[in-house]
$ cat data11.csv   # CSV, C-alpha atoms and all ligand atoms
chain,number,residue,atom,x,y,z
A,1,MET,CA,88.6,70.5,99.2
A,2,LYS,CA,90.6,71.2,96.0
A,3,LYS,CA,91.6,74.8,95.5
A,4,THR,CA,91.2,76.6,92.2
A,5,ILE,CA,94.0,78.6,90.6
A,6,LEU,CA,93.6,80.9,87.6
A,7,ILE,CA,96.7,81.6,85.6
A,8,THR,CA,97.0,84.2,82.9
A,9,GLY,CA,99.6,83.8,80.2
A,10,ALA,CA,99.5,80.0,80.6
A,11,THR,CA,100.2,79.2,76.9
A,12,SER,CA,104.0,79.7,77.4
A,13,GLY,CA,106.9,80.2,79.7
A,14,ILE,CA,106.3,80.9,83.4
A,15,GLY,CA,102.5,80.6,83.2
A,16,LYS,CA,102.6,77.2,81.4
A,17,ALA,CA,105.2,75.8,83.8
A,18,THR,CA,103.1,77.0,86.7
A,19,ALA,CA,100.0,75.3,85.3
A,20,GLN,CA,102.0,72.1,84.8
A,21,LEU,CA,103.3,72.2,88.4
A,22,PHE,CA,100.0,72.9,90.0
A,23,ALA,CA,98.3,70.2,88.0
A,24,LYS,CA,100.7,67.7,89.6
A,25,TYR,CA,99.6,69.0,93.0
A,26,HIS,CA,96.0,68.4,91.9
A,27,TYR,CA,94.7,72.0,92.0
A,28,LYS,CA,91.7,72.8,89.8
A,29,ILE,CA,93.2,74.9,87.1
A,30,VAL,CA,91.9,77.7,84.8
A,31,ILE,CA,94.4,78.4,82.1
A,32,CYS,CA,94.2,81.6,80.1
A,33,GLY,CA,95.8,83.0,77.0
A,34,ARG,CA,95.0,84.1,73.4
A,35,ARG,CA,96.4,81.1,71.5
A,36,LYS,CA,93.5,78.5,71.5
A,37,ASP,CA,95.6,75.7,70.0
A,38,ARG,CA,98.1,75.9,72.8
A,39,LEU,CA,95.3,76.1,75.4
A,40,GLU,CA,93.7,73.0,73.9
A,41,GLU,CA,97.0,71.1,73.9
A,42,LEU,CA,97.8,72.1,77.5
A,43,GLU,CA,94.3,71.3,78.7
A,44,LYS,CA,94.7,67.8,77.3
A,45,GLU,CA,98.1,67.4,78.9
A,46,LEU,CA,97.0,68.6,82.4
A,47,SER,CA,93.8,66.7,82.3
A,48,GLU,CA,95.8,63.6,83.1
A,49,TYR,CA,96.4,65.0,86.6
A,50,THR,CA,93.4,67.3,87.4
A,51,GLU,CA,90.4,69.2,86.2
A,52,VAL,CA,91.2,72.0,83.8
A,53,HIS,CA,89.2,74.7,82.1
A,54,SER,CA,90.6,77.0,79.3
A,55,LEU,CA,89.6,80.6,78.8
A,56,ALA,CA,90.8,82.3,75.6
A,57,PHE,CA,90.8,86.1,75.8
A,58,ASP,CA,93.0,89.0,75.2
A,59,VAL,CA,93.7,90.8,78.5
A,60,ARG,CA,93.5,94.1,76.6
A,61,ASP,CA,89.8,93.6,75.9
A,62,LYS,CA,88.0,94.4,79.1
A,63,ASN,CA,84.6,93.1,78.0
A,64,ALA,CA,86.1,89.8,76.9
A,65,VAL,CA,88.0,89.5,80.2
A,66,LEU,CA,84.9,90.1,82.3
A,67,GLU,CA,82.6,88.0,80.1
A,68,SER,CA,85.1,85.0,80.0
A,69,ILE,CA,85.7,85.0,83.7
A,70,ASN,CA,82.0,85.4,84.5
A,71,SER,CA,81.2,82.5,82.2
A,72,LEU,CA,83.2,80.0,84.2
A,73,PRO,CA,81.3,76.8,85.0
A,74,GLU,CA,80.3,76.7,88.6
A,75,TYR,CA,82.9,74.0,89.4
A,76,PHE,CA,85.7,76.4,88.5
A,77,SER,CA,84.1,79.7,89.4
A,78,ASN,CA,85.4,80.2,92.9
A,79,ILE,CA,89.0,81.4,92.3
A,80,ASP,CA,91.2,80.8,95.3
A,81,ILE,CA,94.5,81.9,93.7
A,82,LEU,CA,95.0,84.3,90.9
A,83,ILE,CA,98.3,84.4,89.1
A,84,ASN,CA,98.5,87.6,87.1
A,85,ASN,CA,101.3,86.6,84.8
A,86,ALA,CA,100.3,87.5,81.2
A,87,GLY,CA,102.7,90.2,80.0
A,88,ASN,CA,105.6,90.9,77.8
A,89,ALA,CA,108.2,93.5,76.6
A,90,HIS,CA,107.7,94.9,73.2
A,91,GLY,CA,110.9,96.4,71.7
A,92,LEU,CA,114.1,97.6,73.4
A,93,ASP,CA,114.5,101.2,72.1
A,94,PRO,CA,115.6,104.5,73.5
A,95,ILE,CA,112.7,106.7,74.5
A,96,GLN,CA,113.3,109.1,71.6
A,97,THR,CA,112.8,106.4,69.0
A,98,GLY,CA,110.3,104.2,70.8
A,99,ASP,CA,107.4,102.8,68.9
A,100,LEU,CA,103.9,104.0,70.0
A,101,GLU,CA,102.4,100.6,69.3
A,102,ASP,CA,105.0,98.9,71.5
A,103,TRP,CA,104.2,101.4,74.3
A,104,ASP,CA,100.5,100.8,74.0
A,105,ALA,CA,101.0,97.0,74.1
A,106,MET,CA,103.1,97.1,77.2
A,107,ILE,CA,100.9,99.5,79.1
A,108,ASP,CA,97.7,97.9,77.9
A,109,ILE,CA,98.8,94.3,78.6
A,110,ASN,CA,101.1,94.5,81.6
A,111,VAL,CA,99.2,97.1,83.5
A,112,LYS,CA,95.6,97.5,82.3
A,113,GLY,CA,95.2,93.8,81.5
A,114,LEU,CA,96.3,92.8,84.9
A,115,LEU,CA,93.8,95.3,86.4
A,116,TYR,CA,90.9,94.0,84.2
A,117,VAL,CA,91.5,90.4,85.3
A,118,SER,CA,91.8,91.4,88.9
A,119,LYS,CA,88.6,93.4,88.7
A,120,ALA,CA,86.8,90.3,87.4
A,121,ILE,CA,88.0,88.2,90.3
A,122,ILE,CA,88.5,90.4,93.4
A,123,PRO,CA,84.8,90.9,94.2
A,124,GLN,CA,84.3,87.2,94.8
A,125,MET,CA,87.4,87.0,97.0
A,126,VAL,CA,86.1,90.0,99.0
A,127,GLU,CA,82.8,88.3,99.4
A,128,ARG,CA,84.4,85.1,100.7
A,129,LYS,CA,87.0,87.0,102.7
A,130,SER,CA,89.7,84.8,101.3
A,131,GLY,CA,92.0,84.5,98.4
A,132,HIS,CA,95.6,84.9,97.2
A,133,ILE,CA,96.7,87.2,94.3
A,134,ILE,CA,100.2,87.0,92.9
A,135,ASN,CA,101.3,89.6,90.4
A,136,ILE,CA,104.3,88.7,88.3
A,137,GLY,CA,106.5,91.9,88.1
A,138,SER,CA,110.1,91.8,87.2
A,139,THR,CA,113.5,93.1,88.3
A,140,ALA,CA,112.3,95.8,85.8
A,141,ALA,CA,109.8,96.7,88.5
A,142,LYS,CA,112.6,97.5,90.9
A,143,GLU,CA,115.2,99.2,88.6
A,144,VAL,CA,115.4,100.8,85.2
A,145,TYR,CA,117.9,99.8,82.5
A,146,PRO,CA,118.9,101.4,79.3
A,147,ASN,CA,116.2,101.3,76.7
A,148,GLY,CA,113.9,99.6,79.2
A,149,ASN,CA,111.9,102.8,79.7
A,150,VAL,CA,108.3,101.9,79.1
A,151,TYR,CA,108.6,98.2,80.0
A,152,CYS,CA,110.3,99.2,83.3
A,153,GLY,CA,107.5,101.8,83.8
A,154,SER,CA,104.8,99.1,83.2
A,155,LYS,CA,106.5,96.8,85.8
A,156,HIS,CA,107.0,99.6,88.3
A,157,ALA,CA,103.2,100.2,87.9
A,158,VAL,CA,102.6,96.5,88.7
A,159,ASP,CA,104.8,96.8,91.8
A,160,ALA,CA,102.8,99.9,93.0
A,161,ILE,CA,99.4,98.2,92.1
A,162,THR,CA,100.5,95.1,94.0
A,163,ALA,CA,101.2,97.2,97.2
A,164,GLY,CA,97.9,99.1,96.7
A,165,MET,CA,96.0,95.8,96.3
A,166,ARG,CA,97.6,94.5,99.5
A,167,ILE,CA,96.5,97.5,101.5
A,168,ASP,CA,92.9,97.7,100.2
A,169,LEU,CA,92.4,93.9,100.5
A,170,ASN,CA,93.9,93.7,103.9
A,171,PRO,CA,90.5,94.0,105.7
A,172,PHE,CA,89.3,90.9,103.8
A,173,SER,CA,92.2,88.7,104.7
A,174,ILE,CA,93.2,88.4,101.0
A,175,LYS,CA,96.9,87.7,100.5
A,176,VAL,CA,98.6,89.8,97.8
A,177,GLY,CA,102.2,89.6,96.7
A,178,GLY,CA,104.6,90.3,93.9
A,179,ILE,CA,107.2,88.0,92.4
A,180,HIS,CA,109.9,89.7,90.5
A,181,PRO,CA,112.1,87.5,88.3
A,182,GLY,CA,115.3,88.5,86.6
A,183,MET,CA,116.1,86.9,83.2
A,184,VAL,CA,114.1,83.8,82.5
A,185,GLU,CA,114.6,81.8,79.3
A,186,THR,CA,111.1,81.8,77.8
A,187,GLU,CA,109.5,83.2,74.7
A,188,PHE,CA,109.9,86.6,76.4
A,189,SER,CA,112.8,87.8,74.3
A,190,GLU,CA,111.3,86.4,71.1
A,191,VAL,CA,108.3,88.6,71.7
A,192,ARG,CA,110.5,91.6,72.7
A,193,PHE,CA,112.5,91.3,69.5
A,194,LYS,CA,109.5,90.5,67.3
A,195,GLY,CA,110.3,87.0,66.3
A,196,ASP,CA,114.1,87.5,65.8
A,197,THR,CA,115.1,84.2,67.4
A,198,ASN,CA,118.9,84.8,67.0
A,199,LYS,CA,118.7,88.1,68.9
A,200,ALA,CA,116.4,86.4,71.4
A,201,SER,CA,118.6,83.4,72.1
A,202,ASN,CA,121.7,85.7,72.4
A,203,VAL,CA,120.2,87.2,75.5
A,204,TYR,CA,120.6,83.9,77.4
A,205,LYS,CA,124.0,82.9,76.0
A,206,GLY,CA,127.1,82.5,78.2
A,207,PHE,CA,125.3,82.0,81.5
A,208,ASP,CA,122.8,79.9,83.2
A,209,PRO,CA,119.5,81.9,83.2
A,210,LEU,CA,116.5,81.1,85.3
A,211,GLN,CA,114.0,78.7,83.7
A,212,ALA,CA,110.2,78.9,83.8
A,213,GLN,CA,110.2,75.9,86.2
A,214,ASP,CA,112.3,77.8,88.7
A,215,ILE,CA,109.6,80.5,88.9
A,216,ALA,CA,106.8,77.9,89.0
A,217,ASP,CA,108.5,76.3,92.0
A,218,ILE,CA,108.7,79.7,93.8
A,219,ILE,CA,105.0,80.4,93.0
A,220,HIS,CA,104.1,77.0,94.5
A,221,PHE,CA,106.3,77.8,97.6
A,222,VAL,CA,104.6,81.1,98.0
A,223,VAL,CA,101.1,79.7,97.6
A,224,SER,CA,101.7,76.7,100.0
A,225,ARG,CA,102.8,78.8,103.0
A,226,PRO,CA,100.5,78.6,106.1
A,227,TYR,CA,97.5,80.9,106.3
A,228,HIS,CA,99.4,83.5,108.5
A,229,VAL,CA,102.3,83.8,106.1
A,230,ASN,CA,102.1,86.1,103.1
A,231,ILE,CA,105.2,86.6,101.0
A,232,ALA,CA,104.6,90.1,100.0
A,233,ASP,CA,107.5,90.9,97.7
A,234,LEU,CA,110.1,88.5,96.3
A,235,VAL,CA,113.0,89.2,93.8
A,236,VAL,CA,114.7,86.3,92.2
A,237,MET,CA,117.7,86.3,89.8
A,238,SER,CA,120.0,83.6,88.4
A,239,THR,CA,123.2,83.3,90.3
A,240,ALA,CA,125.0,84.9,87.3
A,241,GLN,CA,122.9,88.0,87.5
A,242,ALA,CA,123.5,90.8,90.0
A,243,SER,CA,121.2,93.5,88.5
A,244,SER,CA,119.3,94.1,85.3
A,245,THR,CA,122.5,94.9,83.5
A,246,ILE,CA,125.2,93.1,85.4
A,247,VAL,CA,125.4,89.5,84.3
A,248,LYS,CA,128.5,87.4,84.6
A,249,LYS,CA,128.9,85.8,81.2
A,250,ASP,CA,131.5,83.2,80.3
A,251,ILE,CA,131.9,84.5,76.7
B,301,LIG,P1,106.2,84.3,77.4
B,301,LIG,O1,106.3,85.2,76.3
B,301,LIG,O2,106.8,83.0,77.3
B,301,LIG,O3,104.7,84.2,78.0
B,301,LIG,C1,103.8,85.3,78.0
B,301,LIG,C2,102.4,84.8,78.2
B,301,LIG,O4,101.6,86.0,78.3
B,301,LIG,C3,101.9,84.0,77.1
B,301,LIG,O5,101.2,82.9,77.6
B,301,LIG,C4,101.0,84.9,76.3
B,301,LIG,O6,99.9,84.1,75.8
B,301,LIG,C5,100.4,85.8,77.4
B,301,LIG,N1,100.0,87.1,76.9
B,301,LIG,C6,100.8,88.0,76.2
B,301,LIG,N2,100.0,89.0,75.8
B,301,LIG,C7,98.7,88.7,76.1
B,301,LIG,C8,97.4,89.3,75.9
B,301,LIG,N3,97.3,90.4,75.2
B,301,LIG,N4,96.3,88.7,76.4
B,301,LIG,C9,96.4,87.5,77.0
B,301,LIG,N5,97.6,86.9,77.3
B,301,LIG,C10,98.7,87.4,76.8
B,301,LIG,O7,106.9,85.2,78.6
B,301,LIG,P2,107.2,84.8,80.2
B,301,LIG,O8,106.7,83.5,80.6
B,301,LIG,O9,108.7,85.1,80.4
B,301,LIG,O10,106.4,86.0,80.8
B,301,LIG,C11,105.5,85.9,81.8
B,301,LIG,C12,105.5,87.1,82.7
B,301,LIG,O11,106.8,87.2,83.4
B,301,LIG,C13,105.3,88.4,82.0
B,301,LIG,O12,104.5,89.3,82.8
B,301,LIG,C14,106.8,89.0,82.0
B,301,LIG,O13,106.8,90.4,81.9
B,301,LIG,C15,107.3,88.5,83.3
B,301,LIG,N6,108.8,88.4,83.4
B,301,LIG,C16,109.5,87.7,82.5
B,301,LIG,C17,110.9,87.6,82.6
B,301,LIG,C18,111.7,86.9,81.6
B,301,LIG,O14,112.9,87.2,81.6
B,301,LIG,N7,111.2,86.0,80.8
B,301,LIG,C19,111.5,88.2,83.7
B,301,LIG,C20,110.7,89.0,84.6
B,301,LIG,C21,109.4,89.0,84.4
B,301,LIG,P3,99.2,84.3,74.4
B,301,LIG,O15,100.3,84.9,73.4
B,301,LIG,O16,98.7,83.0,74.0
B,301,LIG,O17,98.1,85.3,74.6
B,302,LIG,C1,112.2,90.8,82.1
B,302,LIG,C2,113.5,91.2,82.7
B,302,LIG,O1,115.7,92.4,82.3
B,302,LIG,O2,115.1,90.6,80.8
B,302,LIG,O3,111.2,91.3,82.9
B,302,LIG,O4,113.9,92.8,80.7
B,302,LIG,S1,114.6,91.8,81.6

$ encode --input "data11.csv" --output "structure tokens"
Amino acid sequence: MKKTILITGATSGIGKATAQLFAKYHYKIVICGRRKDRLEELEKELSEYTEVHSLAFDVRDKNAVLESINSLPEYFSNIDILINNAGNAHGLDPIQTGDLEDWDAMIDINVKGLLYVSKAIIPQMVERKSGHIINIGSTAAKEVYPNGNVYCGSKHAVDAITAGMRIDLNPFSIKVGGIHPGMVETEFSEVRFKGDTNKASNVYKGFDPLQAQDIADIIHFVVSRPYHVNIADLVVMSTAQASSTIVKKDI
């Protein structure tokens, strides 16, 4: 029987590449994001390979999250795999000049949004005593870098919540794991620098950064392990990167 995967943040970057890869493996796919035009376009693209359903909601809106997920047509309603991927950094400022709206966005999206989506899906996994939840953290979940303060805090929270989920869901045979990428060339830096594409592209200049497809491949590897294998915690960086701040650049 085909498995169903729900991916948040599927309109761009890692989430989109993951949806594209899993479509080729013929999973049933629920793609989520706020940008309806992108969801429509992706649904059309993936429908060549598999059945796809789009859900447009803002993960910050807990009622919208619960209503959307509860409204899934029966065919898509049993979620076997949840990829909690929606998230972003907003700003890169020292703590003393950080913007309150940026802080709210990062805590509300990266932490509370992940919890709301999980809350909407975990009960059915518990009921069925099966499921797999993958939370996308970051190297920023494992270390803190200058001006990363609140983003790193939000990702450390994702790391802790992931461990907590794994403990609480252990009696129900639900797999839970975190995947923690280093620098991946997506729209991430464009969002962080509020649309400044020059500043954003400079982040990835002079080395070979990870691409969204690299993370999608890893997600597929993690999901496709045998039943008794759970990859609990995985950190991945480009070869040029040794830590959040140590990157071997050729310029
Ligand atoms: P992108 O900016 O390319 O994608 C982010 C996705 O999150 C988009 O699909 C966006 O959809 C969705 N999203 C953002 N805010 C919301 C919201 N309020 N409600 C619903 N969906 C939202 O970035 P990445 O693909 O790089 O990021 C994916 C994840 O990977 C994030 O959690 C990020 O922190 C993490 N990560 C990224 C790294 C990188 O270097 N790129 C490294 C390590 C981790 P939409 O705008 O349509 O709502
Ligand atoms: C993103 C990693 O170091 O580019 O989570 O902020 S970093």

$ closest_residue --input "data11.csv" --among "A:Asn198, A:Thr186, A:Gln96, A:Ser244" --to "Gln213 (chain A)" --atoms "all atoms listed in the file"
A:Thr186

$ residues_around --input "data11.csv" --residues "Tyr151 (chain A)" --least-positions-apart "4" --cutoff "12 Å" --atoms "all atoms listed in the file" --output "JSON, numbers by chain"
{"A": [87, 88, 89, 90, 91, 92, 93, 94, 95, 98, 102, 103, 104, 105, 106, 107, 108, 109, 110, 111, 137, 138, 139, 140, 141, 142, 143, 144, 145, 146, 147, 155, 156, 157, 158, 192]}

$ closest_residue --input "data11.csv" --among "A:Ile219, A:Val235, A:Ile5, A:Cys152" --to "ligand LIG 302 (chain B)" --atoms "all atoms listed in the file"
A:Cys152

$ residues_near_point --input "data11.csv" --point "(93.9, 66.5, 82.6)" --cutoff "12 Å" --atoms "all atoms listed in the file" --output "list in words"
Ala19, Gln20, Phe22, Ala23, Lys24, His26, Tyr27, Lys28, Ile29, Val30, Ile31, Glu40, Glu41, Leu42, Glu43, Lys44, Glu45, Leu46, Ser47, Glu48, Tyr49, Thr50, Glu51, Val52, His53 and Ser54 of chain A

$ write_last_selection --input "data11.csv" --atoms "C-alpha atoms" --output "PDB file, in the coordinates of the input"
ATOM      1  CA  ALA A  19     100.000  75.300  85.300  1.00  0.00           C
ATOM      2  CA  GLN A  20     102.000  72.100  84.800  1.00  0.00           C
ATOM      3  CA  PHE A  22     100.000  72.900  90.000  1.00  0.00           C
ATOM      4  CA  ALA A  23      98.300  70.200  88.000  1.00  0.00           C
ATOM      5  CA  LYS A  24     100.700  67.700  89.600  1.00  0.00           C
ATOM      6  CA  HIS A  26      96.000  68.400  91.900  1.00  0.00           C
ATOM      7  CA  TYR A  27      94.700  72.000  92.000  1.00  0.00           C
ATOM      8  CA  LYS A  28      91.700  72.800  89.800  1.00  0.00           C
ATOM      9  CA  ILE A  29      93.200  74.900  87.100  1.00  0.00           C
ATOM     10  CA  VAL A  30      91.900  77.700  84.800  1.00  0.00           C
ATOM     11  CA  ILE A  31      94.400  78.400  82.100  1.00  0.00           C
ATOM     12  CA  GLU A  40      93.700  73.000  73.900  1.00  0.00           C
ATOM     13  CA  GLU A  41      97.000  71.100  73.900  1.00  0.00           C
ATOM     14  CA  LEU A  42      97.800  72.100  77.500  1.00  0.00           C
ATOM     15  CA  GLU A  43      94.300  71.300  78.700  1.00  0.00           C
ATOM     16  CA  LYS A  44      94.700  67.800  77.300  1.00  0.00           C
ATOM     17  CA  GLU A  45      98.100  67.400  78.900  1.00  0.00           C
ATOM     18  CA  LEU A  46      97.000  68.600  82.400  1.00  0.00           C
ATOM     19  CA  SER A  47      93.800  66.700  82.300  1.00  0.00           C
ATOM     20  CA  GLU A  48      95.800  63.600  83.100  1.00  0.00           C
ATOM     21  CA  TYR A  49      96.400  65.000  86.600  1.00  0.00           C
ATOM     22  CA  THR A  50      93.400  67.300  87.400  1.00  0.00           C
ATOM     23  CA  GLU A  51      90.400  69.200  86.200  1.00  0.00           C
ATOM     24  CA  VAL A  52      91.200  72.000  83.800  1.00  0.00           C
ATOM     25  CA  HIS A  53      89.200  74.700  82.100  1.00  0.00           C
ATOM     26  CA  SER A  54      90.600  77.000  79.300  1.00  0.00           C
TER      27      SER A  54
END

$ closest_residue --input "data11.csv" --among "A:Leu39, A:Val176, A:Leu100, A:Ala216" --to "Thr18 (chain A)" --atoms "all atoms listed in the file"
A:Ala216

$ closest_residue --input "data11.csv" --among "A:Gln211, A:Thr197, A:Ser238, A:Thr245" --to "ligand LIG 302 (chain B)" --atoms "only C-alpha atoms and all ligand atoms"
A:Thr245

$ atom_distance --input "data11.csv" --atom1 "CA of Val184 (chain A)" --atom2 "CA of Thr97 (chain A)"
26.4 Å

$ closest_residue --input "data11.csv" --among "A:Ile79, A:Ala232, A:Leu210, A:Leu72" --to "ligand LIG 302 (chain B)" --atoms "only C-alpha atoms and all ligand atoms"
A:Leu210

$ closest_residue --input "data11.csv" --among "A:Asp250, A:Glu74, A:Asp233, A:Asp37" --to "Asn135 (chain A)" --atoms "all atoms listed in the file"
A:Asp233

$ atom_distance --input "data11.csv" --atom1 "CA of Val191 (chain A)" --atom2 "CA of Gly206 (chain A)"
20.8 Å

$ decode --input "data11.csv" --residues "region 56-128 of chain A" --atoms "C-alpha atoms" --output "mmCIF file, in the first residue's frame"
data_model
loop_
_atom_site.group_PDB
_atom_site.id
_atom_site.type_symbol
_atom_site.label_atom_id
_atom_site.label_comp_id
_atom_site.auth_asym_id
_atom_site.auth_seq_id
_atom_site.Cartn_x
_atom_site.Cartn_y
_atom_site.Cartn_z
ATOM 1 C CA ALA A 56 -2.284 26.313 2.242
ATOM 2 C CA PHE A 57 -1.823 27.536 5.795
ATOM 3 C CA ASP A 58 0.467 29.621 7.911
ATOM 4 C CA VAL A 59 2.036 27.389 10.561
ATOM 5 C CA ARG A 60 1.752 30.306 13.029
ATOM 6 C CA ASP A 61 -2.054 30.091 12.921
ATOM 7 C CA LYS A 62 -2.914 27.137 15.148
ATOM 8 C CA ASN A 63 -6.578 27.066 14.171
ATOM 9 C CA ALA A 64 -5.716 27.101 10.468
ATOM 10 C CA VAL A 65 -3.175 24.311 10.987
ATOM 11 C CA LEU A 66 -5.631 22.075 12.818
ATOM 12 C CA GLU A 67 -8.560 22.853 10.498
ATOM 13 C CA SER A 68 -6.512 22.281 7.339
ATOM 14 C CA ILE A 69 -5.041 19.001 8.461
ATOM 15 C CA ASN A 70 -8.383 17.778 9.818
ATOM 16 C CA SER A 71 -9.982 18.641 6.472
ATOM 17 C CA LEU A 72 -7.785 16.264 4.469
ATOM 18 C CA PRO A 73 -9.802 13.993 2.178
ATOM 19 C CA GLU A 74 -9.916 10.432 3.509
ATOM 20 C CA TYR A 75 -7.527 9.221 0.816
ATOM 21 C CA PHE A 76 -4.771 11.465 2.219
ATOM 22 C CA SER A 77 -5.788 11.565 5.874
ATOM 23 C CA ASN A 78 -3.583 8.814 7.329
ATOM 24 C CA ILE A 79 -0.186 10.459 7.494
ATOM 25 C CA ASP A 80 2.596 7.871 7.684
ATOM 26 C CA ILE A 81 5.487 10.322 7.475
ATOM 27 C CA LEU A 82 5.585 13.906 8.684
ATOM 28 C CA ILE A 83 8.423 16.159 7.555
ATOM 29 C CA ASN A 84 8.439 19.240 9.780
ATOM 30 C CA ASN A 85 10.483 21.435 7.492
ATOM 31 C CA ALA A 86 8.784 24.872 7.326
ATOM 32 C CA GLY A 87 11.041 27.448 8.870
ATOM 33 C CA ASN A 88 13.477 30.235 8.295
ATOM 34 C CA ALA A 89 15.891 32.708 9.788
ATOM 35 C CA HIS A 90 14.783 36.316 9.985
ATOM 36 C CA GLY A 91 17.669 38.776 10.311
ATOM 37 C CA LEU A 92 21.251 38.278 11.461
ATOM 38 C CA ASP A 93 21.719 40.891 14.155
ATOM 39 C CA PRO A 94 23.461 41.028 17.495
ATOM 40 C CA ILE A 95 21.123 40.450 20.399
ATOM 41 C CA GLN A 96 21.267 44.098 21.514
ATOM 42 C CA THR A 97 19.842 45.370 18.228
ATOM 43 C CA GLY A 98 17.696 42.405 17.232
ATOM 44 C CA ASP A 99 14.245 43.119 15.833
ATOM 45 C CA LEU A 100 11.313 41.932 17.941
ATOM 46 C CA GLU A 101 9.301 40.988 14.859
ATOM 47 C CA ASP A 102 12.161 38.827 13.625
ATOM 48 C CA TRP A 103 12.330 37.113 17.001
ATOM 49 C CA ASP A 104 8.582 36.503 17.006
ATOM 50 C CA ALA A 105 8.720 35.086 13.481
ATOM 51 C CA MET A 106 11.509 32.627 14.286
ATOM 52 C CA ILE A 107 10.022 31.384 17.535
ATOM 53 C CA ASP A 108 6.472 31.306 16.147
ATOM 54 C CA ILE A 109 7.338 29.525 12.887
ATOM 55 C CA ASN A 110 10.326 27.328 13.721
ATOM 56 C CA VAL A 111 9.168 26.232 17.158
ATOM 57 C CA LYS A 112 5.459 26.821 17.724
ATOM 58 C CA GLY A 113 4.512 26.102 14.098
ATOM 59 C CA LEU A 114 6.327 22.774 14.214
ATOM 60 C CA LEU A 115 4.448 21.944 17.414
ATOM 61 C CA TYR A 116 1.036 22.882 15.978
ATOM 62 C CA VAL A 117 1.537 20.688 12.901
ATOM 63 C CA SER A 118 2.785 17.843 15.089
ATOM 64 C CA LYS A 119 -0.203 18.227 17.417
ATOM 65 C CA ALA A 120 -2.532 17.857 14.444
ATOM 66 C CA ILE A 121 -0.913 14.617 13.299
ATOM 67 C CA ILE A 122 0.546 12.774 16.307
ATOM 68 C CA PRO A 123 -2.800 11.537 17.727
ATOM 69 C CA GLN A 124 -3.570 9.481 14.600
ATOM 70 C CA MET A 125 -0.047 8.007 14.654
ATOM 71 C CA VAL A 126 -0.498 7.099 18.317
ATOM 72 C CA GLU A 127 -3.843 5.501 17.518
ATOM 73 C CA ARG A 128 -2.301 3.400 14.734
#
